[in-house]
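To keep things clear, I will list the structure first and then write my remarks on it.
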Amino acid sequence: MYIKEAVVNNQVGLHARPATFFIQKANEYKSSIWIEKEERRVNAKSLLGVLSLGIVKGTTITLIADGTDEETAVNALVDLISSNFSE
């Protein structure tokens with residue numbers, strides 16, 4: 001299991017288009033991946049799950065992955081968040 005925190009700093013947070021990019025990236029990996037925000041954990045490969053967290057600009061989230069490519073997956077998702085989804 002690999003865990004890392006990230007702060008979402010793009011304008012709209014993890015909503016609509018950025019959430020879609022995030023989920024597409026998460027689905028590139030075999031590992032199970034979750035996003036955790038304030039004790040709530042959802043599947044990072046589920047659009048409804050991700051949107052249900054209501055992640056806005058400035059929110060700190062925890063990314064958790066478990067599987068063969070867990071470290072690569074988490075680091076790639078943190079890089080995507082850090083790039084502000086190329087906005």
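Within each chain, counting starts at residue 1; across the structure tokens, chains are named A, B, ... in the order shown, with ligands numbered 1 upward in that order.
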Residues near Thr72 in chain A, cut-off 12 Å, only C-alpha atoms, skip fewer than 5 positions along chain, as a list in words = Met1, Tyr2, Ile3, Lys4, Lys25, Ala26, Glu28, Tyr29, Lys30, Ser31, Ile33, Leu63, Ile64, Ala65, Asp66, Gly67, Leu77, Val78 and Asp79 of chain A
From a DSSP pass on the backbone, collect the residues of chain A flagged as strand (DSSP E or B) and hand them back as JSON, numbers by chain.
-> {"A": [2, 3, 4, 5, 6, 7, 8, 32, 33, 34, 35, 36, 37, 40, 41, 42, 43, 59, 60, 61, 62, 63, 64, 65, 66]}
Please dump the current selection as an mmCIF file, in the first residue's frame; keep N, CA, C and O atoms.
```cif
data_model
loop_
_atom_site.group_PDB
_atom_site.id
_atom_site.type_symbol
_atom_site.label_atom_id
_atom_site.label_comp_id
_atom_site.auth_asym_id
_atom_site.auth_seq_id
_atom_site.Cartn_x
_atom_site.Cartn_y
_atom_site.Cartn_z
ATOM 1 N N TYR A 2 0.554 2.200 -0.862
ATOM 2 C CA TYR A 2 1.329 3.434 -0.985
ATOM 3 C C TYR A 2 0.376 4.610 -0.783
ATOM 4 O O TYR A 2 -0.710 4.644 -1.381
ATOM 5 N N ILE A 3 0.766 5.563 0.052
ATOM 6 C CA ILE A 3 -0.105 6.684 0.428
ATOM 7 C C ILE A 3 0.658 7.997 0.269
ATOM 8 O O ILE A 3 1.822 8.095 0.652
ATOM 9 N N LYS A 4 -0.030 8.996 -0.278
ATOM 10 C CA LYS A 4 0.591 10.317 -0.434
ATOM 11 C C LYS A 4 -0.502 11.381 -0.396
ATOM 12 O O LYS A 4 -1.606 11.162 -0.895
ATOM 13 N N GLU A 5 -0.183 12.535 0.187
ATOM 14 C CA GLU A 5 -1.129 13.651 0.220
ATOM 15 C C GLU A 5 -0.861 14.613 -0.929
ATOM 16 O O GLU A 5 0.261 14.731 -1.403
ATOM 17 N N ALA A 6 -1.918 15.313 -1.335
ATOM 18 C CA ALA A 6 -1.799 16.330 -2.380
ATOM 19 C C ALA A 6 -2.809 17.428 -2.085
ATOM 20 O O ALA A 6 -3.864 17.182 -1.492
ATOM 21 N N VAL A 7 -2.471 18.648 -2.512
ATOM 22 C CA VAL A 7 -3.389 19.779 -2.367
ATOM 23 C C VAL A 7 -3.896 20.163 -3.751
ATOM 24 O O VAL A 7 -3.107 20.384 -4.668
ATOM 25 N N VAL A 8 -5.203 20.215 -3.895
ATOM 26 C CA VAL A 8 -5.831 20.579 -5.171
ATOM 27 C C VAL A 8 -5.876 22.100 -5.251
ATOM 28 O O VAL A 8 -6.538 22.745 -4.438
ATOM 29 N N SER A 32 -5.675 -0.862 -7.143
ATOM 30 C CA SER A 32 -6.876 -0.237 -6.588
ATOM 31 C C SER A 32 -6.435 1.116 -6.045
ATOM 32 O O SER A 32 -5.430 1.210 -5.346
ATOM 33 N N ILE A 33 -7.179 2.169 -6.382
ATOM 34 C CA ILE A 33 -6.797 3.528 -5.978
ATOM 35 C C ILE A 33 -7.998 4.198 -5.320
ATOM 36 O O ILE A 33 -9.117 4.111 -5.817
ATOM 37 N N TRP A 34 -7.729 4.854 -4.204
ATOM 38 C CA TRP A 34 -8.780 5.569 -3.478
ATOM 39 C C TRP A 34 -8.359 7.001 -3.215
ATOM 40 O O TRP A 34 -7.177 7.306 -3.105
ATOM 41 N N ILE A 35 -9.354 7.883 -3.087
ATOM 42 C CA ILE A 35 -9.139 9.263 -2.636
ATOM 43 C C ILE A 35 -9.811 9.370 -1.279
ATOM 44 O O ILE A 35 -10.959 8.952 -1.120
ATOM 45 N N GLU A 36 -9.101 9.971 -0.342
ATOM 46 C CA GLU A 36 -9.669 10.149 0.987
ATOM 47 C C GLU A 36 -9.681 11.638 1.310
ATOM 48 O O GLU A 36 -8.696 12.343 1.111
ATOM 49 N N LYS A 37 -10.834 12.095 1.808
ATOM 50 C CA LYS A 37 -10.995 13.488 2.245
ATOM 51 C C LYS A 37 -11.823 13.472 3.514
ATOM 52 O O LYS A 37 -12.967 12.997 3.490
ATOM 53 N N ARG A 40 -13.673 10.318 4.590
ATOM 54 C CA ARG A 40 -14.459 9.659 3.534
ATOM 55 C C ARG A 40 -13.503 9.133 2.484
ATOM 56 O O ARG A 40 -12.617 9.850 2.037
ATOM 57 N N ARG A 41 -13.697 7.897 2.069
ATOM 58 C CA ARG A 41 -12.833 7.279 1.072
ATOM 59 C C ARG A 41 -13.684 6.780 -0.082
ATOM 60 O O ARG A 41 -14.677 6.111 0.122
ATOM 61 N N VAL A 42 -13.277 7.156 -1.312
ATOM 62 C CA VAL A 42 -14.004 6.706 -2.500
ATOM 63 C C VAL A 42 -13.020 6.133 -3.519
ATOM 64 O O VAL A 42 -11.825 6.432 -3.497
ATOM 65 N N ASN A 43 -13.564 5.340 -4.423
ATOM 66 C CA ASN A 43 -12.782 4.770 -5.510
ATOM 67 C C ASN A 43 -12.361 5.892 -6.462
ATOM 68 O O ASN A 43 -13.208 6.618 -6.991
ATOM 69 N N THR A 59 -8.208 22.168 -1.164
ATOM 70 C CA THR A 59 -8.487 20.962 -0.383
ATOM 71 C C THR A 59 -7.283 20.023 -0.395
ATOM 72 O O THR A 59 -6.700 19.772 -1.446
ATOM 73 N N THR A 60 -6.944 19.503 0.775
ATOM 74 C CA THR A 60 -5.899 18.477 0.861
ATOM 75 C C THR A 60 -6.587 17.120 0.823
ATOM 76 O O THR A 60 -7.521 16.863 1.574
ATOM 77 N N ILE A 61 -6.102 16.275 -0.099
ATOM 78 C CA ILE A 61 -6.651 14.925 -0.222
ATOM 79 C C ILE A 61 -5.525 13.915 -0.019
ATOM 80 O O ILE A 61 -4.347 14.248 -0.157
ATOM 81 N N THR A 62 -5.892 12.703 0.312
ATOM 82 C CA THR A 62 -4.934 11.628 0.453
ATOM 83 C C THR A 62 -5.220 10.606 -0.639
ATOM 84 O O THR A 62 -6.369 10.193 -0.821
ATOM 85 N N LEU A 63 -4.169 10.238 -1.379
ATOM 86 C CA LEU A 63 -4.292 9.222 -2.419
ATOM 87 C C LEU A 63 -3.712 7.926 -1.883
ATOM 88 O O LEU A 63 -2.608 7.923 -1.330
ATOM 89 N N ILE A 64 -4.438 6.853 -2.050
ATOM 90 C CA ILE A 64 -4.037 5.550 -1.525
ATOM 91 C C ILE A 64 -4.140 4.541 -2.660
ATOM 92 O O ILE A 64 -5.174 4.478 -3.341
ATOM 93 N N ALA A 65 -3.084 3.769 -2.875
ATOM 94 C CA ALA A 65 -3.125 2.736 -3.905
ATOM 95 C C ALA A 65 -2.577 1.436 -3.339
ATOM 96 O O ALA A 65 -1.700 1.434 -2.477
ATOM 97 N N ASP A 66 -3.120 0.352 -3.846
ATOM 98 C CA ASP A 66 -2.684 -0.969 -3.427
ATOM 99 C C ASP A 66 -2.658 -1.873 -4.653
ATOM 100 O O ASP A 66 -3.694 -2.076 -5.283
#
```
What is the distance between CA of Lys57 in chain A and CA of Asn9 in chain A, in Å to one decimal?
-> 4.9 Å
What separation in Å, quoted to one decimal, exists between CA of Gly54 in chain A and CA of Asn84 in chain A?
->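 It comes out at 16.6 Å.
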Just give me the gap between CA of His15 in chain A and CA of Glu71 in chain A in Å, one decimal is fine.
->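 One can read the CA of His15 in chain A to CA of Glu71 in chain A distance as 24.3 Å.
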Based on DSSP run over this structure's backbone, return all residues of range 12-82 of chain A in alpha helix (DSSP H), as a list of chain:residue names.
->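 Answer for range 12-82 of chain A restricted to alpha helix (DSSP H) is A:Arg17, A:Pro18, A:Ala19, A:Thr20, A:Phe21, A:Phe22, A:Ile23, A:Gln24, A:Lys25, A:Ala26, A:Leu47, A:Leu48, A:Gly49, A:Val50, A:Leu51, A:Ser52, A:Glu70, A:Glu71, A:Thr72, A:Ala73, A:Val74, A:Asn75, A:Ala76, A:Leu77, A:Val78, A:Asp79, A:Leu80, A:Ile81, A:Ser82.
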Please produce a file of those selected residues containing N, CA and C atoms, as a short mmCIF file (atom, residue, chain, number, x, y, z; two decimals), in the first residue's frame.
```cif
data_model
loop_
_atom_site.label_atom_id
_atom_site.label_comp_id
_atom_site.auth_asym_id
_atom_site.auth_seq_id
_atom_site.Cartn_x
_atom_site.Cartn_y
_atom_site.Cartn_z
N ARG A 17 -14.44 18.59 -15.66
CA ARG A 17 -13.33 18.25 -16.57
C ARG A 17 -12.11 17.74 -15.83
N PRO A 18 -11.61 18.43 -14.79
CA PRO A 18 -10.44 17.89 -14.07
C PRO A 18 -10.70 16.51 -13.46
N ALA A 19 -11.91 16.28 -12.97
CA ALA A 19 -12.24 14.98 -12.40
C ALA A 19 -12.18 13.90 -13.48
N THR A 20 -12.64 14.24 -14.68
CA THR A 20 -12.59 13.29 -15.79
C THR A 20 -11.14 12.95 -16.13
N PHE A 21 -10.26 13.95 -16.20
CA PHE A 21 -8.84 13.70 -16.45
C PHE A 21 -8.25 12.82 -15.36
N PHE A 22 -8.60 13.11 -14.13
CA PHE A 22 -8.09 12.36 -12.98
C PHE A 22 -8.49 10.88 -13.08
N ILE A 23 -9.75 10.63 -13.40
CA ILE A 23 -10.26 9.27 -13.48
C ILE A 23 -9.64 8.52 -14.65
N GLN A 24 -9.47 9.20 -15.78
CA GLN A 24 -8.82 8.57 -16.93
C GLN A 24 -7.40 8.14 -16.57
N LYS A 25 -6.68 9.00 -15.86
CA LYS A 25 -5.32 8.68 -15.44
C LYS A 25 -5.34 7.51 -14.45
N ALA A 26 -6.24 7.54 -13.49
CA ALA A 26 -6.33 6.46 -12.50
C ALA A 26 -6.61 5.12 -13.16
N LEU A 47 -16.29 8.25 -11.29
CA LEU A 47 -16.62 9.68 -11.44
C LEU A 47 -17.59 10.13 -10.35
N LEU A 48 -18.65 9.36 -10.12
CA LEU A 48 -19.61 9.75 -9.08
C LEU A 48 -18.96 9.79 -7.71
N GLY A 49 -18.08 8.83 -7.43
CA GLY A 49 -17.39 8.81 -6.15
C GLY A 49 -16.53 10.05 -5.95
N VAL A 50 -15.74 10.37 -6.97
CA VAL A 50 -14.85 11.53 -6.89
C VAL A 50 -15.65 12.82 -6.75
N LEU A 51 -16.69 12.97 -7.56
CA LEU A 51 -17.51 14.19 -7.49
C LEU A 51 -18.23 14.31 -6.15
N SER A 52 -18.58 13.17 -5.54
CA SER A 52 -19.32 13.20 -4.27
C SER A 52 -18.49 13.77 -3.12
N GLU A 70 1.31 0.46 -7.56
CA GLU A 70 0.75 1.44 -6.62
C GLU A 70 1.56 2.73 -6.53
N GLU A 71 2.88 2.63 -6.42
CA GLU A 71 3.71 3.82 -6.26
C GLU A 71 3.68 4.68 -7.53
N THR A 72 3.79 4.04 -8.67
CA THR A 72 3.74 4.76 -9.95
C THR A 72 2.39 5.46 -10.12
N ALA A 73 1.33 4.76 -9.78
CA ALA A 73 -0.03 5.32 -9.92
C ALA A 73 -0.21 6.56 -9.05
N VAL A 74 0.12 6.46 -7.78
CA VAL A 74 -0.06 7.60 -6.86
C VAL A 74 0.80 8.78 -7.30
N ASN A 75 2.05 8.53 -7.65
CA ASN A 75 2.93 9.62 -8.06
C ASN A 75 2.43 10.29 -9.34
N ALA A 76 1.90 9.53 -10.28
CA ALA A 76 1.36 10.11 -11.52
C ALA A 76 0.14 10.98 -11.22
N LEU A 77 -0.72 10.53 -10.30
CA LEU A 77 -1.91 11.32 -9.95
C LEU A 77 -1.54 12.58 -9.18
N VAL A 78 -0.53 12.49 -8.30
CA VAL A 78 -0.05 13.68 -7.58
C VAL A 78 0.54 14.67 -8.58
N ASP A 79 1.29 14.18 -9.57
CA ASP A 79 1.85 15.07 -10.61
C ASP A 79 0.74 15.76 -11.40
N LEU A 80 -0.32 15.02 -11.72
CA LEU A 80 -1.46 15.60 -12.45
C LEU A 80 -2.11 16.71 -11.62
N ILE A 81 -2.31 16.46 -10.34
CA ILE A 81 -2.90 17.47 -9.45
C ILE A 81 -1.97 18.68 -9.34
N SER A 82 -0.66 18.42 -9.19
CA SER A 82 0.32 19.51 -9.05
C SER A 82 0.39 20.39 -10.30
#
```
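In this comparison, which uses only C-alpha atoms, the residue of A:Asn27, A:Thr68, A:Ser83, A:Ser46 approaching Asn10 in chain A most closely is A:Ser83.
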